[in-house]
Every structure is written in structure tokens, then in C-alpha cells.
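Source file: coords_35.cif. Holds: mmCIF, C-alpha atoms.
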```
data_structure
loop_
_atom_site.label_atom_id
_atom_site.label_comp_id
_atom_site.auth_asym_id
_atom_site.auth_seq_id
_atom_site.Cartn_x
_atom_site.Cartn_y
_atom_site.Cartn_z
CA MET A 1 113.99 171.39 77.66
CA ALA A 2 114.51 173.94 74.90
CA GLU A 3 115.60 177.35 76.12
CA GLU A 4 113.54 180.31 75.12
CA LYS A 5 115.57 183.03 73.45
CA GLY A 6 116.99 185.45 76.00
CA CYS A 7 116.03 183.27 78.99
CA GLU A 8 118.63 181.38 80.99
CA ARG A 9 117.35 178.83 83.42
CA LEU A 10 118.59 176.32 85.96
CA GLY A 11 117.29 172.79 85.45
CA THR A 12 115.03 170.98 87.89
CA ILE A 13 116.04 168.17 90.24
CA MET A 14 112.96 165.95 90.21
CA VAL A 15 113.10 163.95 93.45
CA VAL A 16 110.54 161.19 93.00
CA SER A 17 109.46 158.65 95.63
CA GLY A 18 106.58 156.28 96.15
CA PRO A 19 105.80 152.87 97.63
CA SER A 20 106.45 149.67 95.73
CA GLY A 21 103.45 149.02 93.48
CA ALA A 22 102.59 152.71 93.04
CA GLY A 23 103.79 152.46 89.44
CA LYS A 24 106.88 154.64 89.68
CA SER A 25 109.03 152.59 87.28
CA THR A 26 106.31 152.45 84.62
CA ILE A 27 105.82 156.22 84.85
CA CYS A 28 109.60 156.72 84.52
CA LYS A 29 109.72 154.42 81.50
CA LYS A 30 106.90 156.28 79.75
CA LEU A 31 108.43 159.62 80.66
CA ARG A 32 111.73 158.56 79.06
CA GLU A 33 109.80 157.88 75.84
CA MET A 34 108.04 161.28 76.02
CA VAL A 35 111.21 163.22 76.91
CA PRO A 36 114.18 161.35 75.40
CA GLU A 37 116.64 164.05 76.51
CA LEU A 38 115.67 163.67 80.19
CA ARG A 39 118.62 162.60 82.35
CA PHE A 40 118.17 160.06 85.07
CA SER A 41 120.71 160.52 87.83
CA VAL A 42 123.40 157.84 88.06
CA SER A 43 124.00 156.69 91.65
CA CYS A 44 127.19 155.45 93.28
CA THR A 45 127.41 152.05 94.90
CA THR A 46 129.99 149.79 96.51
CA ARG A 47 128.28 146.60 95.41
CA ASN A 48 129.83 144.59 92.59
CA PRO A 49 128.63 145.23 89.04
CA ARG A 50 126.25 142.59 87.74
CA PRO A 51 126.80 141.13 84.25
CA GLY A 52 126.10 143.81 81.65
CA GLU A 53 126.15 146.74 84.09
CA GLU A 54 128.39 149.61 83.03
CA HIS A 55 130.31 152.07 85.19
CA GLY A 56 128.88 155.56 84.65
CA VAL A 57 125.70 154.24 83.05
CA ASP A 58 123.98 151.97 85.57
CA TYR A 59 126.06 153.07 88.57
CA TYR A 60 129.36 154.60 89.46
CA PHE A 61 131.04 151.58 91.05
CA LEU A 62 133.25 152.74 93.91
CA THR A 63 135.36 150.89 96.43
CA ARG A 64 134.27 151.10 100.02
CA GLU A 65 137.24 153.33 100.77
CA GLU A 66 136.41 155.74 97.92
CA PHE A 67 132.80 155.88 99.08
CA GLU A 68 133.71 156.59 102.69
CA THR A 69 136.17 159.30 101.67
CA ARG A 70 133.40 160.99 99.71
CA ILE A 71 131.01 160.70 102.67
CA ALA A 72 133.64 162.38 104.83
CA ARG A 73 133.96 165.19 102.26
CA ASN A 74 130.17 165.69 102.29
CA GLU A 75 130.02 164.94 98.57
CA PHE A 76 126.72 163.04 98.67
CA ILE A 77 123.34 164.77 98.68
CA GLU A 78 121.97 161.50 100.01
CA TYR A 79 123.35 158.07 100.80
CA ALA A 80 122.41 154.93 102.68
CA ARG A 81 124.02 151.74 103.80
CA VAL A 82 121.96 148.70 102.85
CA PHE A 83 123.36 145.59 104.53
CA ASP A 84 127.04 145.59 103.52
CA ASN A 85 126.88 148.10 100.67
CA TYR A 86 126.60 151.83 100.26
CA TYR A 87 124.37 153.61 97.74
CA GLY A 88 124.37 157.36 97.17
CA THR A 89 123.96 160.34 94.84
CA LEU A 90 126.81 162.80 94.32
CA TYR A 91 126.14 166.53 94.64
CA SER A 92 128.31 167.12 91.54
CA GLU A 93 126.20 164.66 89.52
CA VAL A 94 123.10 166.83 89.90
CA ALA A 95 124.69 170.28 90.29
CA ASP A 96 126.61 170.14 86.99
CA ARG A 97 123.47 169.22 85.11
CA VAL A 98 121.07 171.78 86.57
CA ASN A 99 123.74 174.46 86.15
CA ALA A 100 123.76 173.51 82.46
CA GLY A 101 119.96 173.97 82.38
CA GLU A 102 119.19 170.24 82.23
CA ASP A 103 116.59 168.46 84.33
CA VAL A 104 117.71 165.53 86.44
CA PHE A 105 115.41 162.78 87.59
CA LEU A 106 116.09 161.03 90.92
CA ASP A 107 114.09 157.89 91.68
CA ILE A 108 114.77 157.64 95.39
CA ASP A 109 113.28 156.41 98.68
CA VAL A 110 111.73 158.68 101.32
CA GLN A 111 114.84 158.64 103.54
CA GLY A 112 117.04 159.78 100.64
CA ALA A 113 114.54 162.46 99.62
CA MET A 114 114.46 163.83 103.17
CA GLN A 115 118.28 164.00 103.25
CA ILE A 116 118.12 166.14 100.10
CA LYS A 117 115.38 168.32 101.61
CA GLN A 118 117.49 168.87 104.72
CA ARG A 119 120.56 169.79 102.68
CA ALA A 120 118.43 172.12 100.50
CA ALA A 121 117.70 174.20 103.60
CA GLU A 122 121.31 175.37 103.62
CA ASP A 123 122.23 175.09 99.93
CA GLU A 124 120.89 177.69 97.50
CA LEU A 125 121.23 175.61 94.34
CA LEU A 126 119.38 172.66 95.85
CA ARG A 127 116.76 174.97 97.36
CA LYS A 128 116.05 176.49 93.95
CA CYS A 129 116.23 173.30 91.91
CA ALA A 130 114.92 170.39 94.00
CA GLU A 131 111.21 169.59 93.67
CA PHE A 132 109.69 166.71 95.58
CA VAL A 133 107.10 164.47 93.92
CA PHE A 134 105.34 161.54 95.57
CA ILE A 135 103.66 158.84 93.48
CA ALA A 136 100.83 157.00 95.20
CA PRO A 137 98.61 154.10 94.19
CA PRO A 138 94.92 155.11 94.01
CA SER A 139 93.93 152.87 96.93
CA TYR A 140 95.06 150.07 99.19
CA GLU A 141 92.78 147.65 97.33
CA GLU A 142 94.27 148.59 93.96
CA LEU A 143 97.79 148.25 95.35
CA GLU A 144 96.96 144.78 96.66
CA LYS A 145 95.62 143.84 93.24
CA ARG A 146 98.79 145.10 91.55
CA LEU A 147 101.17 143.32 93.91
CA ARG A 148 99.25 140.05 93.63
CA GLY A 149 98.89 140.50 89.87
CA ARG A 150 102.65 140.35 89.40
CA GLY A 151 102.40 136.69 90.39
CA THR A 152 106.08 136.67 91.26
CA GLU A 153 105.79 137.20 95.00
CA THR A 154 104.85 134.74 97.73
CA GLU A 155 101.90 135.56 100.00
CA ASP A 156 104.32 136.49 102.82
CA VAL A 157 106.13 138.96 100.58
CA VAL A 158 102.85 140.49 99.35
CA ILE A 159 101.68 141.04 102.93
CA LYS A 160 105.04 142.54 103.92
CA ARG A 161 105.01 144.88 100.88
CA LEU A 162 101.45 146.00 101.64
CA GLY A 163 102.38 146.84 105.21
CA GLN A 164 105.45 148.77 104.04
CA ALA A 165 103.42 150.64 101.42
CA ALA A 166 100.79 151.66 103.97
CA SER A 167 103.43 153.11 106.27
CA GLU A 168 105.31 154.76 103.36
CA MET A 169 102.07 156.43 102.24
CA ALA A 170 102.12 158.48 105.45
CA ASN A 171 105.05 160.46 104.00
CA TRP A 172 103.19 162.17 101.15
CA PRO A 173 102.69 165.46 103.07
CA LYS A 174 106.48 165.90 103.19
CA TYR A 175 106.45 166.30 99.39
CA ASP A 176 105.42 169.24 97.19
CA TYR A 177 103.42 167.29 94.61
CA LEU A 178 101.33 164.13 94.75
CA ILE A 179 100.46 162.06 91.70
CA ILE A 180 97.68 159.59 92.36
CA ASN A 181 98.52 156.98 89.78
CA GLU A 182 95.22 155.56 88.56
CA CYS A 183 96.77 154.42 85.29
CA SER A 184 100.33 154.81 84.07
CA ASP A 185 99.47 156.79 80.93
CA ALA A 186 97.65 159.46 82.95
CA GLY A 187 100.37 159.30 85.63
CA ALA A 188 103.16 159.86 83.10
CA ARG A 189 101.20 162.70 81.48
CA ARG A 190 100.75 164.34 84.87
CA MET A 191 104.47 164.01 85.59
CA TYR A 192 105.21 165.56 82.19
CA GLU A 193 102.86 168.48 82.92
CA ILE A 194 104.52 169.04 86.29
CA MET A 195 107.93 169.12 84.58
CA GLN A 196 106.63 171.63 82.03
CA ALA A 197 105.28 173.83 84.83
CA PHE A 198 108.71 173.64 86.53
CA HIS A 199 110.22 175.11 83.36
CA CYS A 200 108.13 178.24 84.01
CA SER A 201 109.22 178.57 87.64
CA CYS A 202 110.58 182.09 88.22
CA LYS A 203 112.96 181.00 90.98
CA ARG A 204 115.10 179.05 88.48
CA ILE A 205 115.43 181.89 85.94
CA ARG A 206 118.97 183.23 86.05
CA LYS A 207 118.73 185.81 83.33
CA LEU A 208 115.90 187.22 81.25
CA GLU A 209 116.53 189.65 78.46
CA PHE A 210 113.74 191.86 77.30
CA MET B 1 89.02 169.60 87.67
CA ALA B 2 87.75 166.09 88.38
CA GLU B 3 88.42 164.89 91.91
CA GLU B 4 90.27 161.65 92.36
CA LYS B 5 88.41 159.19 94.53
CA GLY B 6 89.29 159.66 98.20
CA CYS B 7 91.12 162.95 97.60
CA GLU B 8 89.65 166.28 98.68
CA ARG B 9 91.35 169.37 97.38
CA LEU B 10 91.11 173.13 97.53
CA GLY B 11 90.98 174.85 94.15
CA THR B 12 93.67 177.19 92.84
CA ILE B 13 93.40 180.97 92.59
CA MET B 14 95.29 181.69 89.36
CA VAL B 15 96.43 185.30 89.61
CA VAL B 16 97.55 186.23 86.10
CA SER B 17 99.21 189.49 85.04
CA GLY B 18 101.19 190.72 82.08
CA PRO B 19 101.75 193.85 80.01
CA SER B 20 99.39 194.88 77.24
CA GLY B 21 100.40 193.01 74.10
CA ALA B 22 101.79 189.99 75.97
CA GLY B 23 98.81 187.99 74.71
CA LYS B 24 97.01 187.45 78.02
CA SER B 25 93.48 187.73 76.62
CA THR B 26 94.17 185.30 73.77
CA ILE B 27 95.65 182.77 76.21
CA CYS B 28 92.57 183.17 78.45
CA LYS B 29 90.24 182.67 75.49
CA LYS B 30 92.03 179.49 74.41
CA LEU B 31 92.15 178.24 77.97
CA ARG B 32 88.37 178.69 78.26
CA GLU B 33 87.99 176.42 75.22
CA MET B 34 90.35 173.81 76.68
CA VAL B 35 88.80 173.91 80.17
CA PRO B 36 85.12 174.90 79.76
CA GLU B 37 84.43 174.45 83.49
CA LEU B 38 87.11 177.01 84.47
CA ARG B 39 85.65 179.94 86.38
CA PHE B 40 86.82 183.44 85.68
CA SER B 41 86.41 185.67 88.68
CA VAL B 42 83.70 188.34 88.42
CA SER B 43 84.88 191.75 89.68
CA CYS B 44 82.91 194.52 91.34
CA THR B 45 82.73 198.01 89.88
CA THR B 46 80.97 201.28 90.52
CA ARG B 47 80.92 202.26 86.86
CA ASN B 48 77.65 202.08 84.96
CA PRO B 49 76.84 198.90 83.05
CA ARG B 50 77.35 199.18 79.29
CA PRO B 51 74.66 197.90 76.94
CA GLY B 52 74.48 194.13 77.16
CA GLU B 53 76.50 193.82 80.38
CA GLU B 54 74.89 191.71 83.07
CA HIS B 55 75.16 192.03 86.85
CA GLY B 56 76.90 188.92 88.21
CA VAL B 57 78.22 187.91 84.80
CA ASP B 58 80.38 190.75 83.51
CA TYR B 59 80.65 192.59 86.82
CA TYR B 60 78.87 193.02 90.09
CA PHE B 61 77.63 196.60 89.69
CA LEU B 62 77.71 198.33 93.07
CA THR B 63 76.93 201.87 94.14
CA ARG B 64 79.80 203.89 95.42
CA GLU B 65 78.39 203.66 98.93
CA GLU B 66 78.13 199.86 98.78
CA PHE B 67 81.68 199.64 97.47
CA GLU B 68 83.10 201.89 100.18
CA THR B 69 81.25 199.97 102.91
CA ARG B 70 82.84 196.77 101.62
CA ILE B 71 86.27 198.39 101.53
CA ALA B 72 85.77 199.41 105.17
CA ARG B 73 84.84 195.82 106.04
CA ASN B 74 88.01 194.53 104.35
CA GLU B 75 85.92 192.43 101.95
CA PHE B 76 88.14 192.95 98.90
CA ILE B 77 91.28 190.95 98.25
CA GLU B 78 92.27 193.74 95.89
CA TYR B 79 90.72 196.94 94.65
CA ALA B 80 91.70 200.13 92.87
CA ARG B 81 90.23 203.48 92.09
CA VAL B 82 90.57 204.37 88.42
CA PHE B 83 89.56 208.01 87.88
CA ASP B 84 86.08 208.22 89.39
CA ASN B 85 85.31 204.54 89.64
CA TYR B 86 86.25 201.63 91.87
CA TYR B 87 87.12 198.14 90.67
CA GLY B 88 87.76 195.20 92.98
CA THR B 89 87.57 191.46 93.69
CA LEU B 90 85.65 190.14 96.69
CA TYR B 91 87.30 187.69 99.06
CA SER B 92 84.03 185.70 99.16
CA GLU B 93 83.99 185.44 95.34
CA VAL B 94 87.23 183.44 95.32
CA ALA B 95 87.04 181.77 98.76
CA ASP B 96 83.68 180.07 98.13
CA ARG B 97 84.95 178.59 94.90
CA VAL B 98 88.31 177.26 96.04
CA ASN B 99 86.63 175.83 99.14
CA ALA B 100 84.37 173.92 96.74
CA GLY B 101 87.48 172.60 94.95
CA GLU B 102 87.06 174.83 91.88
CA ASP B 103 89.84 176.83 90.25
CA VAL B 104 89.33 180.57 89.85
CA PHE B 105 91.10 182.64 87.25
CA LEU B 106 91.94 186.30 88.01
CA ASP B 107 93.14 188.45 85.13
CA ILE B 108 94.55 191.36 87.09
CA ASP B 109 97.22 194.07 87.03
CA VAL B 110 100.47 193.95 89.01
CA GLN B 111 99.18 196.31 91.74
CA GLY B 112 96.14 194.08 92.32
CA ALA B 113 98.25 190.93 92.33
CA MET B 114 100.59 192.42 94.93
CA GLN B 115 97.63 193.34 97.16
CA ILE B 116 96.59 189.67 97.04
CA LYS B 117 100.13 188.54 97.78
CA GLN B 118 100.28 190.84 100.80
CA ARG B 119 96.96 189.59 102.13
CA ALA B 120 98.06 185.97 101.53
CA ALA B 121 100.87 186.50 104.05
CA GLU B 122 98.27 186.64 106.82
CA ASP B 123 95.46 184.51 105.37
CA GLU B 124 95.87 180.74 105.27
CA LEU B 125 93.37 180.07 102.50
CA LEU B 126 94.94 182.64 100.18
CA ARG B 127 98.43 181.44 101.08
CA LYS B 128 97.52 177.88 100.10
CA CYS B 129 95.47 178.69 97.02
CA ALA B 130 96.91 181.77 95.31
CA GLU B 131 99.50 181.15 92.58
CA PHE B 132 101.03 184.04 90.67
CA VAL B 133 101.63 183.75 86.94
CA PHE B 134 103.19 186.45 84.75
CA ILE B 135 102.72 186.41 80.98
CA ALA B 136 105.46 188.12 78.98
CA PRO B 137 105.96 188.83 75.30
CA PRO B 138 109.07 187.08 73.90
CA SER B 139 110.88 190.37 73.23
CA TYR B 140 110.49 194.11 73.00
CA GLU B 141 110.69 193.88 69.19
CA GLU B 142 107.90 191.30 69.04
CA LEU B 143 105.75 193.39 71.40
CA GLU B 144 106.24 196.43 69.17
CA LYS B 145 105.21 194.36 66.15
CA ARG B 146 102.09 193.15 67.95
CA LEU B 147 101.02 196.59 69.14
CA ARG B 148 101.56 198.14 65.72
CA GLY B 149 99.93 195.15 64.03
CA ARG B 150 96.63 195.85 65.77
CA GLY B 151 96.43 198.94 63.60
CA THR B 152 93.94 200.49 66.00
CA GLU B 153 96.35 202.66 67.98
CA THR B 154 97.96 205.95 67.07
CA GLU B 155 101.74 206.24 67.13
CA ASP B 156 101.55 208.15 70.42
CA VAL B 157 99.54 205.39 72.05
CA VAL B 158 101.90 202.68 70.72
CA ILE B 159 104.90 204.50 72.17
CA LYS B 160 103.14 205.00 75.51
CA ARG B 161 102.12 201.31 75.63
CA LEU B 162 105.66 200.17 74.84
CA GLY B 163 107.05 202.30 77.63
CA GLN B 164 104.46 200.95 80.07
CA ALA B 165 105.15 197.37 78.99
CA ALA B 166 108.89 197.77 79.50
CA SER B 167 108.40 199.04 83.03
CA GLU B 168 105.74 196.39 83.81
CA MET B 169 108.13 193.67 82.66
CA ALA B 170 110.37 194.49 85.63
CA ASN B 171 107.74 192.90 87.89
CA TRP B 172 108.12 189.30 86.69
CA PRO B 173 110.39 188.27 89.60
CA LYS B 174 107.52 189.00 92.03
CA TYR B 175 105.59 186.11 90.47
CA ASP B 176 105.95 182.33 90.88
CA TYR B 177 105.68 181.39 87.21
CA LEU B 178 106.61 183.10 83.98
CA ILE B 179 105.13 182.18 80.61
CA ILE B 180 107.09 183.61 77.70
CA ASN B 181 104.36 183.80 75.14
CA GLU B 182 105.98 183.08 71.77
CA CYS B 183 102.67 182.01 70.25
CA SER B 184 99.26 181.82 71.88
CA ASP B 185 98.74 178.08 71.28
CA ALA B 186 101.97 177.20 73.08
CA GLY B 187 101.21 179.84 75.74
CA ALA B 188 97.75 178.41 76.43
CA ARG B 189 99.14 174.89 76.55
CA ARG B 190 101.78 176.00 79.06
CA MET B 191 99.10 177.66 81.20
CA TYR B 192 97.06 174.45 81.03
CA GLU B 193 100.07 172.38 82.12
CA ILE B 194 100.72 174.75 85.02
CA MET B 195 97.08 174.36 86.11
CA GLN B 196 97.36 170.59 85.92
CA ALA B 197 100.53 170.69 88.04
CA PHE B 198 98.67 172.85 90.59
CA HIS B 199 96.09 170.06 90.91
CA CYS B 200 98.91 167.84 92.24
CA SER B 201 100.09 170.39 94.80
CA CYS B 202 100.21 168.75 98.25
CA LYS B 203 99.52 171.98 100.12
CA ARG B 204 95.96 172.13 98.74
CA ILE B 205 95.05 168.54 99.64
CA ARG B 206 92.60 168.60 102.54
CA LYS B 207 91.97 164.91 102.89
CA LEU B 208 93.46 161.81 101.33
CA GLU B 209 92.06 158.39 102.01
CA PHE B 210 94.22 155.36 101.49
#
```

Would you encode the structure as C-alpha cells?
Amino acid sequence: MAEEKGCERLGTIMVVSGPSGAGKSTICKKLREMVPELRFSVSCTTRNPRPGEEHGVDYYFLTREEFETRIARNEFIEYARVFDNYYGTLYSEVADRVNAGEDVFLDIDVQGAMQIKQRAAEDELLRKCAEFVFIAPPSYEELEKRLRGRGTETEDVVIKRLGQAASEMANWPKYDYLIINECSDAGARRMYEIMQAFHCSCKRIRKLEF
Amino acid sequence: MAEEKGCERLGTIMVVSGPSGAGKSTICKKLREMVPELRFSVSCTTRNPRPGEEHGVDYYFLTREEFETRIARNEFIEYARVFDNYYGTLYSEVADRVNAGEDVFLDIDVQGAMQIKQRAAEDELLRKCAEFVFIAPPSYEELEKRLRGRGTETEDVVIKRLGQAASEMANWPKYDYLIINECSDAGARRMYEIMQAFHCSCKRIRKLEF
């Protein structure tokens, strides 16, 4: 993310979604190794920290009251309630970083991504910085193989996951970029190339001296 | 430009401009080596072929009458008259290729690029396929060094070129991507990464089987 001399740029908000088994976490892991300075966005949650989890690193742990106050103030670019807990991403968390020229990576579900897309329609910073990337498995058969290969899920869970994945796949046209993840090395390389291309995007250049 | 299984894609029309001395031709040459299957668009002209130039390879050599008939039929996505001769790119030349999933590279001046942009506003294929890339020298000082370094131009020509380059530079915000060409290896790599990102663009996917 080195700045060229005389060129000032906003960072990119990489909004990345994909069904379970598409290989998103492996791509993220490899990308972290390729780009050590890449920032992954830290979410807020009202659930209790698990052993070893740190506030500000794994999550921002908020009370329910704090979370609801921030919802009321429109401070989240996306949030969801899952059973009894809230999860969400603060606008300030991403805005501060892209304003400083850093890229931010958001590993997020389709519903969250669409909340960000909606907000981007009326927010110039988000409109300029948010890019939507969908990671897909190469085929249903390959996905089935991957989910079964984990060996950790019961048959019922595998069948449920496959059904969910098939319906999640229908969302790819709502995204700007699609990575068909045949193998995680190629998938991570493709993600890296997309990030590099984003660094050349004219819409995020704030100042260019010549 | 290999197709993933089950994914049918339109190719990209890479419309590339930049001032003299930005290093466009060196980037193109290196890109040809990196991507041997990349097609460079063949233009039409009414000027006479020079020794060794082949019809359909270097140019399509047309008579003035043929060229003007094609202008009247709106067959060019861009054309210009330079002194007594016409130069232009046929719509069919690029459309056939992107419809076959191939990328086409157009090394073209700002006026030509803007003609394509204008036509893209009312043509779905061009709107989906055309991407506009501007190549810039890192600084005015570096450009001066490059132009003088060629040693083939008189002082008058160098000064004229520098003036032209400075005014051409003002056009970068009309493009989608900007490559600041510090050195041609890095510039070619950046162009390659941008092309790879274009292959993931959802808007050019025609069919995806899952």
C-alpha cells in the first residue's frame, strides 16, 4: 500500500462474501501473509468474550445498551442480530482507515454487504471506497467434496450447508467482482491482483501532483 | 484468458492512453511478452502502406472512399483525420473479439478514448467491456529526463512535447484507472494485475453454472 510520490489516495474497503466452503477464510489467511500490512476490520459484538479474545483485536465488546445507542445514532455501516446478540461494523472503524490511505478488509455475509451497498448510495466516502467481491466454489460437486472432506460435520449439517450455499450463490450478481476459487493459492493471488488494481482506481485519488 | 469451467465471459476492451514519454509503448511490449495471446486492435487508415507493412496486421488499408462510407455507416468506435489521412477503429474489430471472450488492447489518444466513452453511453456491449486506463510519467522532471534521454529530438521538439504532455496529463480524471509509471517493469505488472482483475468483473459474466 505504498503511496507513489505526489499521489494521495483513499484506501479501499474490500467487502468480501461467499458461501461456507467457498474457501474465503483460507484466501484471507494467505492474503494476510502476502500483504502483512493489510487491516482486517474489527467488528463490534454484544456476546461475551471467549477465553483469549481481546477487546479491540478480535472484537469490540459492547454492552447491549452501548450497541443499541450506536444503532440509534446510525454509527454502524452494517449490523445484525443473531439470536440474542448483536454484531456490527462501525462507520468510524472503516472511514478513519481509508481516509488514512489504508485498505480495510471486511469478511461479511450477503445481508451485511447489501446494507453497506445501500448506505454507499448516499455516502460519498463509502461510494468511492467500497468494492464488493464474491468468492464462489468452482462447482456444487466440489463444494460437497470440501464440506464432506472436513469430516467434522454430520450428514444433516452437510446437507443444510449445501442448501444454504446454493441459495447464497444466487447473490453473486449483486457484487462487482467474482472469484471462482478453484484452489486457494490461485484465489489469493486473484484477490491480491484485484487489490492492486484498486490502488490504480482514479475515483480514489484525492490529489495528484505533476 | 483461460475460461473457468461453467463461466462464460465477455472480453475486456482495454482503452489505454497517456502522454508521449509516459512509457506506454514499453509497457505494451512487456505486456505482449507476459500475455502472448493478448490481441492488439488493428486500426484502419487511408495512408499508404510503408515497406513491410501488411494489410490486416499493421493496419487495414482503406481508400478514402471506403473510409468515408464506413464513417457514414457509423462503423467506427473512434476515428480522426490527421492532415490528409483518416485513422480509426472499427466497432466490428473489437465487438467480435470481446464476444468471443478475448481481451482487446487499444493504444489510443485521449480524443479517441473519449469518442469510445461517449458511444459506450448508448451501447451495452461497449458499456460492459470498455475500461479506460491512463498511463502517466511519475513527474514532469522525470518526463523531461526521458524525452531528452532519447537523444533523437531537437530542443524545440522536446519543449513542444513537454508542453503537450503537461496539458494531456489534465485528462487523467476522465479515465477509470491510472498507472503512474515509475519503471516499465512495475508498470507492466500493474497493467497485468488490472487485466486480471477485469477477468473477475461480474458485469462481463454472461453465464455462470453452479

Exercise. I need the residue set behind the PyMOL selection byres ((chain B) within 8 of (chain A)) for this file; please write it as a PyMOL selection string.
Key: chain B and resi 4-5+138-140+166+169+172-173+175-180+190+193-194+196-197+200-203+209-210

Quiz prompt | Separation of CA of Pro49 in chain A from CA of Ala165 in chain A in Å | solution =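 Spanning CA of Ala165 in chain A to CA of Pro49 in chain A is a straight-line distance of 28.6 Å.
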
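Pairwise distance (CA of Glu155 in chain B, CA of Asp109 in chain B) equals 23.8 Å.
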
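Closest approach to Ser184 in chain A among A:Cys129, A:Cys44, A:Ile135, A:Leu90: A:Ile135, based on only C-alpha atoms.
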
Self-check item: Result set, the PyMOL selection byres ((chain A and resi 103) around 8) on current file, as a PyMOL selection string
Solution: chain A and resi 1+11-14+38-39+97-98+101-102+104-105

Exercise. Choose the residue, out of B:Glu33, B:Thr152, B:Val82, B:Glu93, that has the smallest atom-to-atom separation from Tyr59 in chain B; count all atoms listed in the file.
Key: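 Of the candidates, the smallest distance to Tyr59 in chain B is held by B:Glu93.
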
Quiz prompt | Residues near Leu147 in chain B, cut-off 7 Å, only C-alpha atoms, skip fewer than 4 positions along chain, as a list of chain:residue names | solution =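 Contacts, in chain order: B:Gly21, B:Leu143, B:Val158.
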